Amino acid sequence: MAQDLNQKNSPMPPKSGENLISNDYTGLMGEIAELGDSPELEKVKQAKESFVVQKINQEKERTRMFLKNYKRLFPEIRQKVNDAEQEAKKMIAGHIKSEKEIDALDEGEKFILNKVRNEYKDFKEKNPGEDKFFSFDFADELDRLIYANLVYNLSFRCAGAGEAEKTAEALPQAPVFAEPKGFPEAYREMPAIDEIQEGEATAQQQEVIIPATPARVVQSNFAAKELTLDYLKAEENNLNKTKATELAKIIREWIFGQGDLYAHLTGRLSKKELVEQWLKVPENAAWISAAQRFRTEHGKKISSIKRMVKIKIGKTERNEMVYDNPYFCEGSELGYESNCFDETSGDMRQSERERIKYKAYINTDSQYVMGVFEGLIDEFSKNDDLLRYGFAAKTPAMFDPSADEIANVISQKNRIIFYFGEKTMNSALSVMQKFASKNRAILNKSGILLAQKIFDKEGRDVPAISVASETKGVSPDSSRKFPKYKTYNSMQSEIILSSIGSFMREVFTPQRLVEIGQSSPMLKQKIGNLPGNASEKDFLAVILNETIGIGLLLESLLRFYPKWSKAFGMTANNLAFKQEAGDTDEAVAFKQLASF
């Protein structure tokens, strides 16, 4: 299946003693009678052409649904679907040779198979008793689509995965923005400004490929395969309408609130007016109590400052500032680093400690934060790879929090962060998946919006845990003067701000202003009334105070964010991971598939 979706199948060489059927037949559904030049016949021809276009669109939609559901299958079922493709083609060959009928064919499928069946009968009559290779092909686009979709559905059915189009029908649909009344069609159809076009692949030129990389569908009748880094990188995680809706809400809260966009994106907002009320909630007070208990139990294992030590490197030594305990406090955060200084050996504990490359963000209710923090550290510390190559973590230090420190964690979405390297990430994912399966009840709080979610051993999404690449670098956006970013979330803030910049530049094009004036004269007037020295936030506040303005922002995010995300180096298929030079063929195939 990986090689022939929507592609012409080359004829197979005949095997001895067999009469094979392969699809390189030409001419099905291509014989429309010459209708002449009369007006009535021209109308009939146009009606037929319109019908064919409609059917082609329907079949393309079926193919898209197949691709969507195929990508969400568990690895075991997905492989079964791949393996079942040849069985599906044998079923079709049997039907064509009248050996065994295929049940539940629709009219289009019956039509093209019956046409091939008639051709096969003619072929056999002309070649009686001879073992010649019969083949067929579909020169007509509609025929090719119908045949391909038939193979997909039969492959699903043979694999016991239901029907290709219905596999994910039962999945819940997330809410989306209600489209504002009077929202002009031109806003949705207008092509994006190609500000970041260089190096982009053209979606229309990509061949559609079904890769062997696993994906998932939420089911409960079998266990999920162990998570891997390649698996998550191949998993589709783009900015869809649901995420764009949440993002638009965050942007609006930022515009009409205080602080920077990063604080709103991560929930690290200062809510001083809520501190007293927050402390009265028993679950929140339990967080402080658990932190104080942790400090009492670990006592001497928590460093507060680094000290200068001599570290042995072969026969030489070097001076370095290090913590000599795995736990340490830095400012308002409690940290853990597996590779601390060992006084006995005079060296760091993990000579093979690898650099941090990935993060896992965890969100949970206040009373569970310390338990999850300690529990996962304990589980990671039992793993051979993590013991060898190391890991790190941090969480708010709630021993004796100040009012400001409490204010900053009230809405925090990444209350625990773990750090891993390339060699340890697969082990870390395995540990987290098992931990999530055992502790699902306390890991149901939504976390970082744009990072990649994981799922437990039963295939159920774990809202509280998400992973992403460790990112730091310089923005490619010259309009923002190439600002630096140090973390995944700070990079996401920059991508969003660059997308907003593209949105604002587009809003003030003459064509857009005319369209806005036609749909909302009041909004155009408000924009025009702003002073010449008004800031971008001033303009955004006016725009996002109107329903049509929110719709405009949402539509623009869906167009501009993917372009900027790729410009910042994230993969085309998954906005949580950086593009790597050594990406697998499967990951590349998924990136192509993302634009289908």
# chains A, B, ... in the order shown; residues from 1 in each chain; ligands from 1
$ residues_around --residues "Ala291 in chain A" --least-positions-apart "6" --cutoff "8 Å" --atoms "only C-alpha atoms" --output "mmCIF file with N, CA, C and O atoms, in the first residue's frame"
data_model
loop_
_atom_site.group_PDB
_atom_site.id
_atom_site.type_symbol
_atom_site.label_atom_id
_atom_site.label_comp_id
_atom_site.auth_asym_id
_atom_site.auth_seq_id
_atom_site.Cartn_x
_atom_site.Cartn_y
_atom_site.Cartn_z
ATOM 1 N N MET A 370 3.411 17.470 43.451
ATOM 2 C CA MET A 370 4.612 16.891 44.077
ATOM 3 C C MET A 370 4.639 15.373 43.923
ATOM 4 O O MET A 370 5.701 14.776 43.713
ATOM 5 N N ALA A 397 8.893 25.655 43.352
ATOM 6 C CA ALA A 397 9.311 25.360 44.733
ATOM 7 C C ALA A 397 8.304 26.001 45.683
ATOM 8 O O ALA A 397 8.408 27.190 45.980
ATOM 9 N N MET A 398 7.351 25.218 46.127
ATOM 10 C CA MET A 398 6.245 25.749 46.925
ATOM 11 C C MET A 398 6.459 25.509 48.421
ATOM 12 O O MET A 398 5.500 25.308 49.169
ATOM 13 N N PHE A 399 7.718 25.562 48.890
ATOM 14 C CA PHE A 399 8.011 25.327 50.309
ATOM 15 C C PHE A 399 7.384 26.429 51.167
ATOM 16 O O PHE A 399 6.626 26.167 52.090
#
$ closest_atom_pairs --of "range 448-514 of chain A" --to "range 562-580 of chain A" --cutoff "12 Å" --atoms "only C-alpha atoms" --output "Markdown table"
| residue | atom | partner | partner_atom | distance |
| --- | --- | --- | --- | --- |
| A:Ile448 | CA | A:Ala576 | CA | 10.6 |
| A:Leu449 | CA | A:Ala576 | CA | 10.1 |
| A:Leu450 | CA | A:Ala576 | CA | 6.6 |
| A:Ala451 | CA | A:Ala576 | CA | 4.9 |
| A:Gln452 | CA | A:Ala576 | CA | 5.7 |
| A:Lys453 | CA | A:Ala576 | CA | 9.5 |
| A:Ser466 | CA | A:Ala576 | CA | 9.2 |
| A:Val467 | CA | A:Ala576 | CA | 7.3 |
| A:Ala468 | CA | A:Ala576 | CA | 4.7 |
| A:Ser469 | CA | A:Phe577 | CA | 4.9 |
| A:Glu470 | CA | A:Lys578 | CA | 8.4 |
| A:Thr471 | CA | A:Lys578 | CA | 7.7 |
| A:Lys472 | CA | A:Phe568 | CA | 10.2 |
| A:Gly473 | CA | A:Phe568 | CA | 8.9 |
| A:Val474 | CA | A:Phe568 | CA | 8.5 |
| A:Ser475 | CA | A:Phe568 | CA | 6.6 |
| A:Pro476 | CA | A:Phe568 | CA | 6.6 |
| A:Asp477 | CA | A:Trp564 | CA | 8.6 |
| A:Ser478 | CA | A:Ala567 | CA | 11.9 |
| A:Phe482 | CA | A:Phe568 | CA | 11.1 |
| A:Pro483 | CA | A:Phe568 | CA | 11.8 |
| A:Lys484 | CA | A:Phe568 | CA | 11.4 |
| A:Tyr485 | CA | A:Phe568 | CA | 10.6 |
| A:Thr487 | CA | A:Ala576 | CA | 11.8 |
| A:Tyr488 | CA | A:Ala576 | CA | 8.2 |
| A:Asn489 | CA | A:Ala576 | CA | 10.0 |
| A:Ser490 | CA | A:Phe568 | CA | 12.0 |
| A:Met491 | CA | A:Phe568 | CA | 8.2 |
| A:Gln492 | CA | A:Ser565 | CA | 8.2 |
| A:Ser493 | CA | A:Ser565 | CA | 10.8 |
| A:Glu494 | CA | A:Phe568 | CA | 9.2 |
| A:Ile495 | CA | A:Trp564 | CA | 5.9 |
| A:Ile496 | CA | A:Trp564 | CA | 8.3 |
| A:Leu497 | CA | A:Trp564 | CA | 9.7 |
| A:Ser498 | CA | A:Trp564 | CA | 7.0 |
| A:Ser499 | CA | A:Trp564 | CA | 6.7 |
| A:Ile500 | CA | A:Trp564 | CA | 10.5 |
| A:Gly501 | CA | A:Trp564 | CA | 10.8 |
| A:Ser502 | CA | A:Trp564 | CA | 9.6 |
| A:Phe503 | CA | A:Trp564 | CA | 11.9 |
$ residues_around --residues "Glu276 in chain A" --least-positions-apart "4" --cutoff "12 Å" --atoms "only C-alpha atoms" --output "short mmCIF file (atom, residue, chain, number, x, y, z; two decimals) with all heavy atoms, in the first residue's frame"
data_model
loop_
_atom_site.label_atom_id
_atom_site.label_comp_id
_atom_site.auth_asym_id
_atom_site.auth_seq_id
_atom_site.Cartn_x
_atom_site.Cartn_y
_atom_site.Cartn_z
N LYS A 271 -1.69 36.61 38.98
CA LYS A 271 -3.07 36.88 39.39
C LYS A 271 -3.09 37.17 40.89
O LYS A 271 -3.61 36.40 41.69
CB LYS A 271 -3.97 35.70 39.03
CG LYS A 271 -4.05 35.44 37.53
CD LYS A 271 -5.08 34.38 37.20
CE LYS A 271 -5.22 34.21 35.70
NZ LYS A 271 -6.24 33.18 35.34
N LYS A 272 -2.48 38.29 41.25
CA LYS A 272 -2.31 38.62 42.66
C LYS A 272 -3.64 38.75 43.39
O LYS A 272 -3.73 38.43 44.59
CB LYS A 272 -1.50 39.91 42.79
CG LYS A 272 -0.07 39.79 42.27
CD LYS A 272 0.69 41.10 42.43
CE LYS A 272 2.12 40.96 41.90
NZ LYS A 272 2.90 42.21 42.03
N LYS A 280 -7.27 29.45 50.14
CA LYS A 280 -8.37 28.90 50.94
C LYS A 280 -8.87 27.56 50.41
O LYS A 280 -9.60 26.85 51.10
CB LYS A 280 -9.52 29.90 50.98
CG LYS A 280 -9.21 31.18 51.75
CD LYS A 280 -10.38 32.14 51.72
CE LYS A 280 -10.06 33.42 52.48
NZ LYS A 280 -11.19 34.40 52.41
N VAL A 281 -8.48 27.22 49.19
CA VAL A 281 -8.91 25.95 48.60
C VAL A 281 -8.02 24.82 49.14
O VAL A 281 -6.79 24.88 49.01
CB VAL A 281 -8.81 26.01 47.06
CG1 VAL A 281 -9.20 24.67 46.44
CG2 VAL A 281 -9.67 27.13 46.51
N ASN A 284 -5.19 23.34 46.99
CA ASN A 284 -4.03 24.20 46.77
C ASN A 284 -3.13 24.24 48.01
O ASN A 284 -1.90 24.21 47.90
CB ASN A 284 -4.49 25.61 46.40
CG ASN A 284 -5.27 25.63 45.11
OD1 ASN A 284 -5.03 24.83 44.21
ND2 ASN A 284 -6.23 26.55 45.00
N ALA A 285 -3.75 24.29 49.18
CA ALA A 285 -2.98 24.24 50.42
C ALA A 285 -2.21 22.92 50.53
O ALA A 285 -1.10 22.87 51.08
CB ALA A 285 -3.91 24.43 51.62
N SER A 402 5.94 32.98 48.16
CA SER A 402 5.49 34.35 48.34
C SER A 402 4.18 34.54 47.57
O SER A 402 3.78 33.69 46.76
CB SER A 402 6.54 35.33 47.81
OG SER A 402 6.66 35.20 46.40
N ALA A 403 3.53 35.66 47.80
CA ALA A 403 2.28 35.95 47.10
C ALA A 403 2.53 36.03 45.59
O ALA A 403 1.71 35.56 44.79
CB ALA A 403 1.68 37.26 47.61
N ASP A 404 3.67 36.60 45.20
CA ASP A 404 3.99 36.70 43.77
C ASP A 404 4.19 35.31 43.16
O ASP A 404 3.75 35.05 42.03
CB ASP A 404 5.25 37.53 43.57
CG ASP A 404 4.99 39.03 43.76
OD1 ASP A 404 3.81 39.43 43.72
OD2 ASP A 404 5.97 39.77 43.94
N ILE A 406 2.91 32.46 44.19
CA ILE A 406 1.60 31.81 44.09
C ILE A 406 0.82 32.37 42.91
O ILE A 406 0.21 31.63 42.14
CB ILE A 406 0.80 31.98 45.39
CG1 ILE A 406 1.47 31.20 46.52
CG2 ILE A 406 -0.64 31.51 45.21
CD1 ILE A 406 0.83 31.42 47.88
N ALA A 407 0.86 33.68 42.74
CA ALA A 407 0.12 34.33 41.66
C ALA A 407 0.55 33.80 40.30
O ALA A 407 -0.27 33.68 39.38
CB ALA A 407 0.33 35.84 41.72
N ILE A 410 -0.98 29.96 39.60
CA ILE A 410 -2.42 29.70 39.69
C ILE A 410 -2.96 29.09 38.40
O ILE A 410 -3.74 28.14 38.43
CB ILE A 410 -3.17 31.00 40.05
CG1 ILE A 410 -2.92 31.35 41.52
CG2 ILE A 410 -4.67 30.86 39.77
CD1 ILE A 410 -3.54 32.67 41.97
#
$ residues_around --residues "Met425 in chain A" --least-positions-apart "3" --cutoff "8 Å" --atoms "only C-alpha atoms" --output "PyMOL selection string"
chain A and resi 228-229+358+420-422+428-429
$ closest_residue --among "A:Glu226, A:Leu145, A:Asp400, A:Arg293" --to "Asp456 in chain A" --atoms "only C-alpha atoms"
A:Glu226
$ atom_distance --atom1 "CA of Leu239 in chain A" --atom2 "CA of Asn149 in chain A"
27.4 Å
$ residues_around --residues "Phe373 in chain A" --least-positions-apart "6" --cutoff "10 Å" --atoms "only C-alpha atoms" --output "list in words"
Tyr336, Ile362, Ala393, Lys394, Thr395, Arg415, Ile416, Ile417 and Phe418 of chain A
$ write_last_selection --atoms "N, CA and C atoms" --output "compact mmCIF listing (two decimals), in the first residue's frame"
# COMPACT_ATOMS: atom_id res chain seq x y z
N TYR A 336 15.79 19.10 39.46
CA TYR A 336 16.44 17.80 39.63
C TYR A 336 17.36 17.59 38.45
N ILE A 362 4.03 18.64 31.85
CA ILE A 362 2.99 17.94 32.60
C ILE A 362 2.18 18.95 33.39
N ALA A 393 14.65 17.72 35.61
CA ALA A 393 13.25 18.11 35.82
C ALA A 393 13.20 19.40 36.63
N LYS A 394 12.03 20.07 36.57
CA LYS A 394 11.81 21.22 37.44
C LYS A 394 10.32 21.39 37.69
N THR A 395 10.01 22.03 38.81
CA THR A 395 8.64 22.32 39.20
C THR A 395 8.69 23.52 40.16
N ARG A 415 3.27 22.78 34.95
CA ARG A 415 3.69 22.78 36.35
C ARG A 415 4.88 21.87 36.60
N ILE A 416 5.09 20.92 35.72
CA ILE A 416 6.26 20.04 35.81
C ILE A 416 6.85 19.93 34.41
N ILE A 417 8.18 20.06 34.32
CA ILE A 417 8.86 19.89 33.04
C ILE A 417 10.00 18.89 33.22
N PHE A 418 10.07 17.89 32.34
CA PHE A 418 11.19 16.95 32.32
C PHE A 418 12.01 17.17 31.05
$ closest_residue --among "A:Thr245, A:Ser430, A:Ser437, A:Asn444" --to "Lys457 in chain A" --atoms "only C-alpha atoms"
A:Ser437
$ closest_residue --among "A:Glu379, A:Glu141, A:Glu317, A:Glu374" --to "Asp347 in chain A" --atoms "only C-alpha atoms"
A:Glu317
$ atom_distance --atom1 "CA of Asp384 in chain A" --atom2 "CA of Ile356 in chain A"
17.4 Å
$ closest_residue --among "A:Phe508, A:Tyr120, A:Tyr231, A:Phe328" --to "Arg295 in chain A" --atoms "only C-alpha atoms"
A:Phe328
$ select_by_dssp --residues "range 399-587 of chain A" --states "strand (DSSP E or B)" --output "NGL selection string"
:A and (416-420 or 452-455 or 461-469 or 473-474 or 484-485 or 570 or 574 or 578)
$ residues_around --residues "Met432 in chain A" --least-positions-apart "5" --cutoff "10 Å" --atoms "only C-alpha atoms" --output "list in words"
Leu227, Ala360, Leu376, Glu379, Phe380, Asn426, Ser427, Ser437, Lys438, Ile454, Phe455, Asp456 and Ile465 of chain A
$ write_last_selection --atoms "N, CA, C and O atoms" --output "PDB file, in the first residue's frame"
ATOM      1  N   LEU A 227       5.165   3.569  22.853  1.00  0.00           N
ATOM      2  CA  LEU A 227       5.445   4.822  22.156  1.00  0.00           C
ATOM      3  C   LEU A 227       6.928   4.934  21.814  1.00  0.00           C
ATOM      4  O   LEU A 227       7.782   4.497  22.577  1.00  0.00           O
ATOM      5  N   ALA A 360       9.229  17.214  28.221  1.00  0.00           N
ATOM      6  CA  ALA A 360       7.884  16.705  28.489  1.00  0.00           C
ATOM      7  C   ALA A 360       7.215  17.669  29.460  1.00  0.00           C
ATOM      8  O   ALA A 360       7.745  17.932  30.546  1.00  0.00           O
ATOM      9  N   LEU A 376       7.490  10.245  39.009  1.00  0.00           N
ATOM     10  CA  LEU A 376       8.139  10.049  37.723  1.00  0.00           C
ATOM     11  C   LEU A 376       9.662  10.033  37.850  1.00  0.00           C
ATOM     12  O   LEU A 376      10.336   9.271  37.156  1.00  0.00           O
ATOM     13  N   GLU A 379      10.493   6.585  38.858  1.00  0.00           N
ATOM     14  CA  GLU A 379      10.353   5.631  37.757  1.00  0.00           C
ATOM     15  C   GLU A 379      11.469   5.804  36.731  1.00  0.00           C
ATOM     16  O   GLU A 379      12.023   4.818  36.234  1.00  0.00           O
ATOM     17  N   PHE A 380      11.811   7.033  36.397  1.00  0.00           N
ATOM     18  CA  PHE A 380      12.895   7.275  35.450  1.00  0.00           C
ATOM     19  C   PHE A 380      14.228   6.746  35.994  1.00  0.00           C
ATOM     20  O   PHE A 380      15.062   6.251  35.238  1.00  0.00           O
ATOM     21  N   ASN A 426      13.064   7.576  23.975  1.00  0.00           N
ATOM     22  CA  ASN A 426      12.184   6.416  23.828  1.00  0.00           C
ATOM     23  C   ASN A 426      11.912   5.750  25.176  1.00  0.00           C
ATOM     24  O   ASN A 426      10.784   5.357  25.477  1.00  0.00           O
ATOM     25  N   SER A 427      12.951   5.623  25.998  1.00  0.00           N
ATOM     26  CA  SER A 427      12.766   5.048  27.331  1.00  0.00           C
ATOM     27  C   SER A 427      11.849   5.930  28.168  1.00  0.00           C
ATOM     28  O   SER A 427      10.985   5.439  28.900  1.00  0.00           O
ATOM     29  N   SER A 437      -0.971   5.275  32.369  1.00  0.00           N
ATOM     30  CA  SER A 437      -1.985   4.224  32.419  1.00  0.00           C
ATOM     31  C   SER A 437      -2.401   3.911  33.852  1.00  0.00           C
ATOM     32  O   SER A 437      -3.566   3.617  34.122  1.00  0.00           O
ATOM     33  N   LYS A 438      -1.440   4.012  34.784  1.00  0.00           N
ATOM     34  CA  LYS A 438      -1.744   3.718  36.191  1.00  0.00           C
ATOM     35  C   LYS A 438      -2.347   4.908  36.924  1.00  0.00           C
ATOM     36  O   LYS A 438      -3.011   4.736  37.951  1.00  0.00           O
ATOM     37  N   ILE A 454       0.607  12.629  24.272  1.00  0.00           N
ATOM     38  CA  ILE A 454       0.880  11.191  24.250  1.00  0.00           C
ATOM     39  C   ILE A 454      -0.427  10.458  24.575  1.00  0.00           C
ATOM     40  O   ILE A 454      -1.445  11.090  24.845  1.00  0.00           O
ATOM     41  N   PHE A 455      -0.402   9.139  24.538  1.00  0.00           N
ATOM     42  CA  PHE A 455      -1.570   8.365  24.936  1.00  0.00           C
ATOM     43  C   PHE A 455      -1.121   7.177  25.785  1.00  0.00           C
ATOM     44  O   PHE A 455       0.036   6.764  25.755  1.00  0.00           O
ATOM     45  N   ASP A 456      -2.052   6.643  26.568  1.00  0.00           N
ATOM     46  CA  ASP A 456      -1.697   5.578  27.501  1.00  0.00           C
ATOM     47  C   ASP A 456      -1.726   4.214  26.819  1.00  0.00           C
ATOM     48  O   ASP A 456      -1.933   4.109  25.605  1.00  0.00           O
ATOM     49  N   ILE A 465      -0.063  15.400  29.608  1.00  0.00           N
ATOM     50  CA  ILE A 465       1.340  15.203  29.226  1.00  0.00           C
ATOM     51  C   ILE A 465       1.508  15.481  27.731  1.00  0.00           C
ATOM     52  O   ILE A 465       0.800  14.916  26.904  1.00  0.00           O
TER      53      ILE A 465
END
$ residues_around --residues "Gly267 in chain A" --least-positions-apart "2" --cutoff "8 Å" --atoms "only C-alpha atoms" --output "PyMOL selection string"
chain A and resi 263-265+269+408-414
$ write_last_selection --atoms "C-alpha atoms" --output "tab-separated table (two decimals), in the first residue's frame"
chain	number	residue	atom	x	y	z
A	263	ALA	CA	2.73	34.27	29.92
A	264	HIS	CA	-0.72	33.84	28.42
A	265	LEU	CA	0.38	30.87	26.29
A	269	LEU	CA	0.13	34.92	34.59
A	408	ASN	CA	2.34	32.98	38.88
A	409	VAL	CA	1.34	29.31	39.32
A	410	ILE	CA	-2.42	29.70	39.69
A	411	SER	CA	-3.06	29.14	35.97
A	412	GLN	CA	0.28	27.57	34.99
A	413	LYS	CA	-0.05	24.90	32.28
A	414	ASN	CA	3.42	23.38	32.61
$ atom_distance --atom1 "CA of Glu101 in chain A" --atom2 "CA of Arg144 in chain A"
20.6 Å
$ closest_atom_pairs --of "range 467-536 of chain A" --to "range 543-549 of chain A" --cutoff "10 Å" --atoms "only C-alpha atoms" --output "Markdown table"
| residue | atom | partner | partner_atom | distance |
| --- | --- | --- | --- | --- |
| A:Met504 | CA | A:Ile543 | CA | 9.9 |
| A:Val507 | CA | A:Ile543 | CA | 9.7 |
| A:Ile516 | CA | A:Ile548 | CA | 8.6 |
| A:Ser519 | CA | A:Ile548 | CA | 8.3 |
| A:Ser520 | CA | A:Ile548 | CA | 7.6 |
| A:Met522 | CA | A:Glu546 | CA | 9.4 |
| A:Leu523 | CA | A:Ile543 | CA | 7.0 |
| A:Lys524 | CA | A:Ile543 | CA | 9.0 |
| A:Lys526 | CA | A:Ile543 | CA | 8.5 |
| A:Ile527 | CA | A:Ile543 | CA | 7.6 |
$ write_last_selection --atoms "all heavy atoms" --output "PDB file, in the first residue's frame"
ATOM      1  N   MET A 504      -1.713  41.541  10.356  1.00  0.00           N
ATOM      2  CA  MET A 504      -1.895  42.991  10.392  1.00  0.00           C
ATOM      3  C   MET A 504      -1.499  43.635   9.066  1.00  0.00           C
ATOM      4  O   MET A 504      -2.165  44.554   8.575  1.00  0.00           O
ATOM      5  CB  MET A 504      -1.064  43.588  11.529  1.00  0.00           C
ATOM      6  CG  MET A 504      -1.546  43.178  12.916  1.00  0.00           C
ATOM      7  SD  MET A 504      -3.206  43.765  13.271  1.00  0.00           S
ATOM      8  CE  MET A 504      -2.904  45.518  13.410  1.00  0.00           C
ATOM      9  N   VAL A 507      -4.333  43.007   6.688  1.00  0.00           N
ATOM     10  CA  VAL A 507      -5.525  43.783   7.000  1.00  0.00           C
ATOM     11  C   VAL A 507      -5.458  45.166   6.360  1.00  0.00           C
ATOM     12  O   VAL A 507      -6.473  45.703   5.893  1.00  0.00           O
ATOM     13  CB  VAL A 507      -5.729  43.897   8.531  1.00  0.00           C
ATOM     14  CG1 VAL A 507      -6.706  45.022   8.871  1.00  0.00           C
ATOM     15  CG2 VAL A 507      -6.239  42.583   9.091  1.00  0.00           C
ATOM     16  N   ILE A 516     -13.450  44.741   4.429  1.00  0.00           N
ATOM     17  CA  ILE A 516     -13.886  44.974   5.807  1.00  0.00           C
ATOM     18  C   ILE A 516     -14.970  46.045   5.839  1.00  0.00           C
ATOM     19  O   ILE A 516     -15.971  45.918   6.551  1.00  0.00           O
ATOM     20  CB  ILE A 516     -12.685  45.381   6.686  1.00  0.00           C
ATOM     21  CG1 ILE A 516     -11.726  44.198   6.860  1.00  0.00           C
ATOM     22  CG2 ILE A 516     -13.161  45.872   8.060  1.00  0.00           C
ATOM     23  CD1 ILE A 516     -10.422  44.548   7.553  1.00  0.00           C
ATOM     24  N   SER A 519     -18.301  44.591   4.804  1.00  0.00           N
ATOM     25  CA  SER A 519     -18.917  43.682   5.773  1.00  0.00           C
ATOM     26  C   SER A 519     -19.193  44.350   7.109  1.00  0.00           C
ATOM     27  O   SER A 519     -20.161  44.015   7.789  1.00  0.00           O
ATOM     28  CB  SER A 519     -18.000  42.469   6.001  1.00  0.00           C
ATOM     29  OG  SER A 519     -17.786  41.785   4.803  1.00  0.00           O
ATOM     30  N   SER A 520     -18.328  45.287   7.494  1.00  0.00           N
ATOM     31  CA  SER A 520     -18.499  45.951   8.785  1.00  0.00           C
ATOM     32  C   SER A 520     -17.992  47.390   8.689  1.00  0.00           C
ATOM     33  O   SER A 520     -16.840  47.675   9.047  1.00  0.00           O
ATOM     34  CB  SER A 520     -17.735  45.190   9.884  1.00  0.00           C
ATOM     35  OG  SER A 520     -17.872  45.839  11.122  1.00  0.00           O
ATOM     36  N   MET A 522     -18.567  49.825  10.519  1.00  0.00           N
ATOM     37  CA  MET A 522     -18.199  50.332  11.838  1.00  0.00           C
ATOM     38  C   MET A 522     -16.762  49.965  12.184  1.00  0.00           C
ATOM     39  O   MET A 522     -16.009  50.787  12.724  1.00  0.00           O
ATOM     40  CB  MET A 522     -19.155  49.780  12.898  1.00  0.00           C
ATOM     41  CG  MET A 522     -18.912  50.313  14.302  1.00  0.00           C
ATOM     42  SD  MET A 522     -19.197  52.095  14.411  1.00  0.00           S
ATOM     43  CE  MET A 522     -20.998  52.116  14.263  1.00  0.00           C
ATOM     44  N   LEU A 523     -16.359  48.718  11.892  1.00  0.00           N
ATOM     45  CA  LEU A 523     -14.990  48.291  12.185  1.00  0.00           C
ATOM     46  C   LEU A 523     -13.994  49.102  11.360  1.00  0.00           C
ATOM     47  O   LEU A 523     -12.969  49.551  11.888  1.00  0.00           O
ATOM     48  CB  LEU A 523     -14.820  46.798  11.906  1.00  0.00           C
ATOM     49  CG  LEU A 523     -13.398  46.239  12.077  1.00  0.00           C
ATOM     50  CD1 LEU A 523     -12.863  46.501  13.478  1.00  0.00           C
ATOM     51  CD2 LEU A 523     -13.366  44.738  11.767  1.00  0.00           C
ATOM     52  N   LYS A 524     -14.295  49.309  10.091  1.00  0.00           N
ATOM     53  CA  LYS A 524     -13.381  50.091   9.250  1.00  0.00           C
ATOM     54  C   LYS A 524     -13.243  51.515   9.788  1.00  0.00           C
ATOM     55  O   LYS A 524     -12.146  52.085   9.811  1.00  0.00           O
ATOM     56  CB  LYS A 524     -13.888  50.111   7.817  1.00  0.00           C
ATOM     57  CG  LYS A 524     -12.931  50.849   6.876  1.00  0.00           C
ATOM     58  CD  LYS A 524     -13.447  50.866   5.454  1.00  0.00           C
ATOM     59  CE  LYS A 524     -12.465  51.626   4.554  1.00  0.00           C
ATOM     60  NZ  LYS A 524     -12.960  51.709   3.162  1.00  0.00           N
ATOM     61  N   LYS A 526     -13.637  52.474  12.940  1.00  0.00           N
ATOM     62  CA  LYS A 526     -12.866  52.439  14.184  1.00  0.00           C
ATOM     63  C   LYS A 526     -11.369  52.322  13.895  1.00  0.00           C
ATOM     64  O   LYS A 526     -10.544  52.933  14.578  1.00  0.00           O
ATOM     65  CB  LYS A 526     -13.335  51.281  15.056  1.00  0.00           C
ATOM     66  CG  LYS A 526     -14.704  51.487  15.678  1.00  0.00           C
ATOM     67  CD  LYS A 526     -15.090  50.289  16.543  1.00  0.00           C
ATOM     68  CE  LYS A 526     -16.448  50.509  17.199  1.00  0.00           C
ATOM     69  NZ  LYS A 526     -16.851  49.349  18.028  1.00  0.00           N
ATOM     70  N   ILE A 527     -11.037  51.507  12.898  1.00  0.00           N
ATOM     71  CA  ILE A 527      -9.621  51.380  12.520  1.00  0.00           C
ATOM     72  C   ILE A 527      -9.097  52.727  12.016  1.00  0.00           C
ATOM     73  O   ILE A 527      -8.003  53.167  12.376  1.00  0.00           O
ATOM     74  CB  ILE A 527      -9.453  50.298  11.437  1.00  0.00           C
ATOM     75  CG1 ILE A 527      -9.757  48.917  12.016  1.00  0.00           C
ATOM     76  CG2 ILE A 527      -8.041  50.328  10.858  1.00  0.00           C
ATOM     77  CD1 ILE A 527      -9.759  47.798  10.995  1.00  0.00           C
TER      78      ILE A 527
END
